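Asker: I have a structure I would like to understand better, so I am pasting it below and will then ask my questions one at a time.
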Amino acid sequence: MTESFHEFVVQRSPALSRRAYLLTGDHQLAEDLLQSSLARTYRHWRRVRDGDPEAYVRRVMYHQQVSWWRRRRLAERLDPEPVDRPGDDHTDTTALRLTLAAALRQLTPRQRAVVVLRFYEDLTETQVAEVLGCSVGTVKRHGHDAVRRLRAIAPDLIDSTAERIPR
């Protein structure tokens, strides 16, 4: 059991870590979220491994993040600027990614979760509502508010992503 779990963690951790960062907006919180979610997944590994373990971990991450919001309700501690790590490329894509990360950090945790689930995970509003345990109307409201706020925070972000989206 532990060997297959270890293999899964080694192969899928980078992608899961990126999702955790999008949800939290902070590298340390993302590491905590991923570690906590993997620990919960390990307890159910026998049942999970034959299905879609990555989807299970993502769902645990979303539920864990919502649980943290409900418990803490305190202002988030976020770094003002993302850390520039050695080996990062410095292309337009990186600049766009950093702008997006900075803009996402300015959203509320629920707005950020809705944006990540809707546009990064490409889930429907109904699926997002199921994952977050709220109504479809709540998802629509948070999504609308998030997009409006992103347009106000980073109008150049909307322009630069519109250029890259094929029509």
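Just remember, in the structure tokens the first chain shown is A, the second B, etc., residues are 1-based per chain, and ligands are 1-based in the order shown.
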Just list the residues in segment 26-64 of chain A DSSP gives alpha helix (DSSP H) on the backbone, as JSON, numbers by chain.
Answerer: {"A": [27, 28, 29, 30, 31, 32, 33, 34, 35, 36, 37, 38, 39, 40, 41, 42, 43, 45, 46, 47, 48, 53, 54, 55, 56, 57, 58, 59, 60, 61, 62, 63, 64]}
Asker: Do you know which residues are at most 9 Å from Arg12 of chain A counting only C-alpha atoms, after dropping those on the same chain fewer than 5 positions away, and could you put them as a VMD selection string?
Answerer: chain A and resid 7 17 54
Asker: Write out as a CSV table (one decimal) with all heavy atoms, in the first residue's frame which residues come within 12 Å of Val116 of chain A when counting only C-alpha atoms, dropping same-chain ones fewer than 3 positions away.
Answerer:
```csv
chain,number,residue,atom,x,y,z
A,18,ARG,N,0.6,23.1,-7.3
A,18,ARG,CA,0.2,24.3,-8.0
A,18,ARG,C,-1.3,24.6,-7.7
A,18,ARG,O,-1.6,25.8,-7.5
A,18,ARG,CB,0.4,24.1,-9.5
A,18,ARG,CG,1.8,24.2,-9.9
A,18,ARG,CD,2.0,24.2,-11.4
A,18,ARG,NE,1.5,23.0,-12.1
A,18,ARG,CZ,2.2,21.9,-12.3
A,18,ARG,NH1,3.5,21.9,-11.9
A,18,ARG,NH2,1.7,20.9,-12.9
A,19,ARG,N,-2.1,23.6,-7.6
A,19,ARG,CA,-3.5,23.9,-7.3
A,19,ARG,C,-3.7,24.4,-5.9
A,19,ARG,O,-4.5,25.3,-5.6
A,19,ARG,CB,-4.3,22.6,-7.5
A,19,ARG,CG,-4.6,22.2,-8.9
A,19,ARG,CD,-5.4,20.9,-9.0
A,19,ARG,NE,-5.7,20.7,-10.4
A,19,ARG,CZ,-4.9,20.0,-11.2
A,19,ARG,NH1,-3.8,19.6,-10.8
A,19,ARG,NH2,-5.4,19.8,-12.5
A,20,ALA,N,-2.9,23.8,-5.0
A,20,ALA,CA,-3.0,24.3,-3.6
A,20,ALA,C,-2.5,25.8,-3.5
A,20,ALA,O,-3.1,26.6,-2.7
A,20,ALA,CB,-2.1,23.4,-2.7
A,21,TYR,N,-1.5,26.1,-4.2
A,21,TYR,CA,-1.0,27.5,-4.2
A,21,TYR,C,-2.1,28.5,-4.8
A,21,TYR,O,-2.4,29.5,-4.2
A,21,TYR,CB,0.2,27.7,-5.1
A,21,TYR,CG,0.7,29.1,-5.1
A,21,TYR,CD1,1.3,29.7,-4.0
A,21,TYR,CD2,0.5,29.9,-6.3
A,21,TYR,CE1,1.7,31.1,-4.1
A,21,TYR,CE2,0.9,31.2,-6.3
A,21,TYR,CZ,1.5,31.8,-5.2
A,21,TYR,OH,1.9,33.1,-5.3
A,22,LEU,N,-2.8,28.0,-5.8
A,22,LEU,CA,-3.9,28.9,-6.4
A,22,LEU,C,-5.0,29.0,-5.4
A,22,LEU,O,-5.6,30.1,-5.3
A,22,LEU,CB,-4.4,28.2,-7.7
A,22,LEU,CG,-3.5,28.3,-8.9
A,22,LEU,CD1,-4.1,27.5,-10.0
A,22,LEU,CD2,-3.3,29.7,-9.3
A,23,LEU,N,-5.2,28.0,-4.6
A,23,LEU,CA,-6.3,28.1,-3.6
A,23,LEU,C,-5.9,29.0,-2.4
A,23,LEU,O,-6.7,29.7,-1.8
A,23,LEU,CB,-6.7,26.7,-3.0
A,23,LEU,CG,-7.5,25.9,-3.9
A,23,LEU,CD1,-7.6,24.5,-3.4
A,23,LEU,CD2,-8.9,26.5,-4.1
A,24,THR,N,-4.6,29.0,-2.0
A,24,THR,CA,-4.2,29.7,-0.8
A,24,THR,C,-3.6,31.0,-1.1
A,24,THR,O,-3.6,31.9,-0.3
A,24,THR,CB,-3.2,28.8,0.1
A,24,THR,OG1,-2.1,28.6,-0.7
A,24,THR,CG2,-3.9,27.5,0.5
A,25,GLY,N,-2.8,31.1,-2.2
A,25,GLY,CA,-2.1,32.3,-2.5
A,25,GLY,C,-0.8,32.5,-1.7
A,25,GLY,O,-0.2,33.5,-1.7
A,58,ARG,N,-7.7,16.4,-4.8
A,58,ARG,CA,-8.2,17.7,-5.1
A,58,ARG,C,-9.4,18.0,-4.3
A,58,ARG,O,-9.5,19.1,-3.7
A,58,ARG,CB,-8.4,17.9,-6.6
A,58,ARG,CG,-7.2,18.0,-7.4
A,58,ARG,CD,-7.5,18.5,-8.8
A,58,ARG,NE,-8.6,17.9,-9.4
A,58,ARG,CZ,-8.6,16.9,-10.4
A,58,ARG,NH1,-7.4,16.5,-10.8
A,58,ARG,NH2,-9.6,16.4,-10.9
A,62,TYR,N,-9.9,21.0,-1.4
A,62,TYR,CA,-11.0,22.0,-1.5
A,62,TYR,C,-11.8,22.0,-0.1
A,62,TYR,O,-12.0,23.1,0.4
A,62,TYR,CB,-11.9,21.9,-2.6
A,62,TYR,CG,-11.2,21.9,-4.0
A,62,TYR,CD1,-11.5,21.0,-5.0
A,62,TYR,CD2,-10.2,22.9,-4.2
A,62,TYR,CE1,-10.8,21.1,-6.2
A,62,TYR,CE2,-9.5,22.9,-5.4
A,62,TYR,CZ,-9.9,22.0,-6.4
A,62,TYR,OH,-9.2,22.0,-7.6
A,100,LEU,N,-1.3,37.3,-12.3
A,100,LEU,CA,-2.4,36.5,-11.9
A,100,LEU,C,-2.4,36.1,-10.4
A,100,LEU,O,-3.3,36.3,-9.7
A,100,LEU,CB,-2.6,35.3,-12.7
A,100,LEU,CG,-3.7,34.3,-12.4
A,100,LEU,CD1,-5.1,35.1,-12.5
A,100,LEU,CD2,-3.7,33.1,-13.3
A,101,ALA,N,-1.2,35.6,-10.0
A,101,ALA,CA,-1.1,35.2,-8.6
A,101,ALA,C,-1.3,36.4,-7.6
A,101,ALA,O,-2.0,36.3,-6.6
A,101,ALA,CB,0.3,34.6,-8.3
A,104,LEU,N,-5.0,37.2,-7.6
A,104,LEU,CA,-5.8,36.2,-6.8
A,104,LEU,C,-5.6,36.4,-5.3
A,104,LEU,O,-6.5,36.1,-4.6
A,104,LEU,CB,-5.3,34.8,-7.2
A,104,LEU,CG,-5.8,34.2,-8.6
A,104,LEU,CD1,-5.1,32.9,-8.9
A,104,LEU,CD2,-7.3,34.1,-8.6
A,105,ARG,N,-4.4,36.8,-4.9
A,105,ARG,CA,-4.2,37.0,-3.5
A,105,ARG,C,-5.1,38.1,-2.9
A,105,ARG,O,-5.4,38.2,-1.7
A,105,ARG,CB,-2.7,37.4,-3.2
A,105,ARG,CG,-1.9,36.2,-3.2
A,105,ARG,CD,-0.5,36.5,-2.5
A,105,ARG,NE,0.2,37.6,-3.1
A,105,ARG,CZ,1.0,37.6,-4.2
A,105,ARG,NH1,1.2,36.4,-4.7
A,105,ARG,NH2,1.5,38.7,-4.7
A,107,LEU,N,-8.2,38.5,-3.7
A,107,LEU,CA,-9.6,38.1,-3.6
A,107,LEU,C,-9.9,37.4,-2.3
A,107,LEU,O,-8.9,37.0,-1.6
A,107,LEU,CB,-9.9,37.0,-4.7
A,107,LEU,CG,-9.8,37.5,-6.2
A,107,LEU,CD1,-10.0,36.3,-7.1
A,107,LEU,CD2,-10.7,38.6,-6.5
A,109,PRO,N,-11.0,34.3,0.2
A,109,PRO,CA,-10.8,32.9,0.0
A,109,PRO,C,-11.9,32.2,-0.8
A,109,PRO,O,-11.6,31.4,-1.7
A,109,PRO,CB,-10.7,32.3,1.4
A,109,PRO,CG,-10.2,33.5,2.2
A,109,PRO,CD,-10.9,34.7,1.6
A,110,ARG,N,-13.1,32.5,-0.6
A,110,ARG,CA,-14.2,31.9,-1.4
A,110,ARG,C,-14.2,32.3,-2.8
A,110,ARG,O,-14.4,31.5,-3.7
A,110,ARG,CB,-15.5,32.3,-0.7
A,110,ARG,CG,-15.8,31.5,0.5
A,110,ARG,CD,-17.2,31.1,0.6
A,110,ARG,NE,-17.4,30.3,1.8
A,110,ARG,CZ,-18.0,29.1,1.8
A,110,ARG,NH1,-18.4,28.6,0.6
A,110,ARG,NH2,-18.1,28.4,2.9
A,111,GLN,N,-13.9,33.6,-3.1
A,111,GLN,CA,-13.8,34.1,-4.5
A,111,GLN,C,-12.7,33.4,-5.2
A,111,GLN,O,-12.8,32.9,-6.3
A,111,GLN,CB,-13.6,35.6,-4.5
A,111,GLN,CG,-14.8,36.4,-4.1
A,111,GLN,CD,-14.5,37.9,-4.0
A,111,GLN,OE1,-13.4,38.3,-4.0
A,111,GLN,NE2,-15.6,38.7,-4.0
A,112,ARG,N,-11.6,33.2,-4.5
A,112,ARG,CA,-10.4,32.6,-5.1
A,112,ARG,C,-10.7,31.1,-5.4
A,112,ARG,O,-10.4,30.6,-6.5
A,112,ARG,CB,-9.2,32.7,-4.2
A,112,ARG,CG,-7.9,32.2,-4.8
A,112,ARG,CD,-6.7,32.6,-4.0
A,112,ARG,NE,-6.8,32.4,-2.6
A,112,ARG,CZ,-6.7,33.4,-1.7
A,112,ARG,NH1,-6.6,34.6,-2.1
A,112,ARG,NH2,-6.8,33.1,-0.4
A,113,ALA,N,-11.4,30.4,-4.5
A,113,ALA,CA,-11.8,29.0,-4.7
A,113,ALA,C,-12.7,28.9,-5.9
A,113,ALA,O,-12.5,28.0,-6.7
A,113,ALA,CB,-12.4,28.5,-3.5
A,119,PHE,N,-12.3,28.2,-13.5
A,119,PHE,CA,-11.5,28.5,-14.7
A,119,PHE,C,-10.2,27.7,-14.7
A,119,PHE,O,-9.7,27.5,-15.8
A,119,PHE,CB,-11.2,30.0,-14.7
A,119,PHE,CG,-12.4,30.8,-14.7
A,119,PHE,CD1,-12.9,31.5,-13.6
A,119,PHE,CD2,-13.3,30.8,-15.8
A,119,PHE,CE1,-14.0,32.3,-13.6
A,119,PHE,CE2,-14.4,31.6,-15.9
A,119,PHE,CZ,-14.8,32.3,-14.7
A,120,TYR,N,-9.7,27.2,-13.6
A,120,TYR,CA,-8.5,26.4,-13.7
A,120,TYR,C,-8.9,24.9,-13.8
A,120,TYR,O,-8.3,24.2,-14.6
A,120,TYR,CB,-7.6,26.7,-12.5
A,120,TYR,CG,-6.3,26.0,-12.5
A,120,TYR,CD1,-5.2,26.5,-13.3
A,120,TYR,CD2,-6.0,24.8,-11.8
A,120,TYR,CE1,-4.0,25.9,-13.4
A,120,TYR,CE2,-4.8,24.2,-11.8
A,120,TYR,CZ,-3.8,24.7,-12.6
A,120,TYR,OH,-2.6,24.1,-12.7
A,121,GLU,N,-9.8,24.5,-12.9
A,121,GLU,CA,-10.3,23.1,-13.0
A,121,GLU,C,-11.3,22.9,-14.0
A,121,GLU,O,-11.7,21.8,-14.3
A,121,GLU,CB,-10.8,22.7,-11.6
A,121,GLU,CG,-9.8,22.7,-10.5
A,121,GLU,CD,-8.8,21.5,-10.6
A,121,GLU,OE1,-9.2,20.5,-11.2
A,121,GLU,OE2,-7.7,21.7,-10.2
A,122,ASP,N,-11.9,24.0,-14.5
A,122,ASP,CA,-12.9,23.9,-15.6
A,122,ASP,C,-14.2,23.1,-15.1
A,122,ASP,O,-14.8,22.3,-15.9
A,122,ASP,CB,-12.4,23.3,-16.9
A,122,ASP,CG,-13.2,23.7,-18.1
A,122,ASP,OD1,-13.9,24.7,-18.0
A,122,ASP,OD2,-13.2,22.9,-19.1
A,123,LEU,N,-14.6,23.4,-13.9
A,123,LEU,CA,-15.8,22.7,-13.4
A,123,LEU,C,-17.0,23.6,-13.7
A,123,LEU,O,-16.9,24.8,-13.8
A,123,LEU,CB,-15.7,22.5,-11.8
A,123,LEU,CG,-14.6,21.6,-11.3
A,123,LEU,CD1,-14.7,21.5,-9.8
A,123,LEU,CD2,-14.7,20.2,-12.0
A,124,THR,N,-18.2,23.0,-13.7
A,124,THR,CA,-19.4,23.8,-13.9
A,124,THR,C,-19.8,24.4,-12.6
A,124,THR,O,-19.3,24.1,-11.5
A,124,THR,CB,-20.6,22.9,-14.4
A,124,THR,OG1,-20.9,22.0,-13.3
A,124,THR,CG2,-20.2,22.1,-15.6
A,125,GLU,N,-20.7,25.4,-12.7
A,125,GLU,CA,-21.2,26.0,-11.4
A,125,GLU,C,-21.8,25.0,-10.5
A,125,GLU,O,-21.6,25.1,-9.2
A,125,GLU,CB,-22.2,27.1,-11.8
A,125,GLU,CG,-21.5,28.3,-12.4
A,125,GLU,CD,-22.5,29.3,-13.0
A,125,GLU,OE1,-23.7,28.9,-13.3
A,125,GLU,OE2,-22.1,30.4,-13.2
A,128,VAL,N,-18.9,23.1,-8.8
A,128,VAL,CA,-18.3,23.9,-7.8
A,128,VAL,C,-19.1,24.0,-6.6
A,128,VAL,O,-18.6,23.9,-5.4
A,128,VAL,CB,-18.0,25.4,-8.4
A,128,VAL,CG1,-17.5,26.3,-7.3
A,128,VAL,CG2,-17.0,25.3,-9.6
A,131,VAL,N,-18.6,20.8,-4.6
A,131,VAL,CA,-17.3,20.8,-4.0
A,131,VAL,C,-17.2,21.7,-2.8
A,131,VAL,O,-16.7,21.3,-1.7
A,131,VAL,CB,-16.2,21.1,-5.0
A,131,VAL,CG1,-14.8,21.3,-4.3
A,131,VAL,CG2,-16.0,20.0,-6.1
A,132,LEU,N,-17.7,22.9,-2.9
A,132,LEU,CA,-17.6,23.8,-1.8
A,132,LEU,C,-18.8,23.7,-0.8
A,132,LEU,O,-18.7,24.4,0.3
A,132,LEU,CB,-17.6,25.3,-2.3
A,132,LEU,CG,-16.4,25.6,-3.2
A,132,LEU,CD1,-16.5,27.0,-3.7
A,132,LEU,CD2,-15.1,25.4,-2.5
A,139,VAL,N,-22.2,30.4,-5.7
A,139,VAL,CA,-21.1,30.2,-6.6
A,139,VAL,C,-21.2,31.3,-7.7
A,139,VAL,O,-20.1,32.0,-8.0
A,139,VAL,CB,-21.1,28.8,-7.3
A,139,VAL,CG1,-20.1,28.8,-8.4
A,139,VAL,CG2,-20.8,27.7,-6.3
A,142,HIS,N,-20.2,34.7,-6.0
A,142,HIS,CA,-18.7,34.8,-5.7
A,142,HIS,C,-18.0,34.9,-7.0
A,142,HIS,O,-17.0,35.7,-7.1
A,142,HIS,CB,-18.2,33.6,-4.9
A,142,HIS,CG,-18.6,33.7,-3.4
A,142,HIS,ND1,-18.2,34.7,-2.6
A,142,HIS,CD2,-19.3,32.8,-2.7
A,142,HIS,CE1,-18.7,34.5,-1.4
A,142,HIS,NE2,-19.4,33.4,-1.4
A,143,GLY,N,-18.4,34.2,-8.0
A,143,GLY,CA,-17.7,34.2,-9.3
A,143,GLY,C,-17.8,35.6,-10.0
A,143,GLY,O,-16.9,36.2,-10.5
A,146,ALA,N,-15.8,38.1,-8.0
A,146,ALA,CA,-14.3,37.8,-8.3
A,146,ALA,C,-13.9,38.4,-9.6
A,146,ALA,O,-12.8,39.1,-9.7
A,146,ALA,CB,-14.0,36.4,-8.2
A,147,VAL,N,-14.6,38.1,-10.6
A,147,VAL,CA,-14.3,38.6,-12.0
A,147,VAL,C,-14.3,40.2,-12.0
A,147,VAL,O,-13.4,40.8,-12.6
A,147,VAL,CB,-15.2,38.0,-13.1
A,147,VAL,CG1,-15.0,38.7,-14.4
A,147,VAL,CG2,-14.9,36.5,-13.2
```
Asker: Please measure the separation of atom CA of Ser37 of chain A and atom CA of Val60 of chain A, giving the value in Å to one decimal.
Answerer: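 Computing the Euclidean distance for atom CA of Ser37 of chain A and atom CA of Val60 of chain A yields 5.7 Å.
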Asker: Tell me, in Å to one decimal, how far atom CA of Leu96 of chain A is from atom CA of Asp156 of chain A.
Answerer: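 A separation of 9.4 Å between them.
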Asker: To one decimal in Å, tell me the separation between atom CA of Ala55 of chain A and atom CA of Thr41 of chain A.
Answerer: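 That distance, rounded to one decimal, is 10.7 Å.
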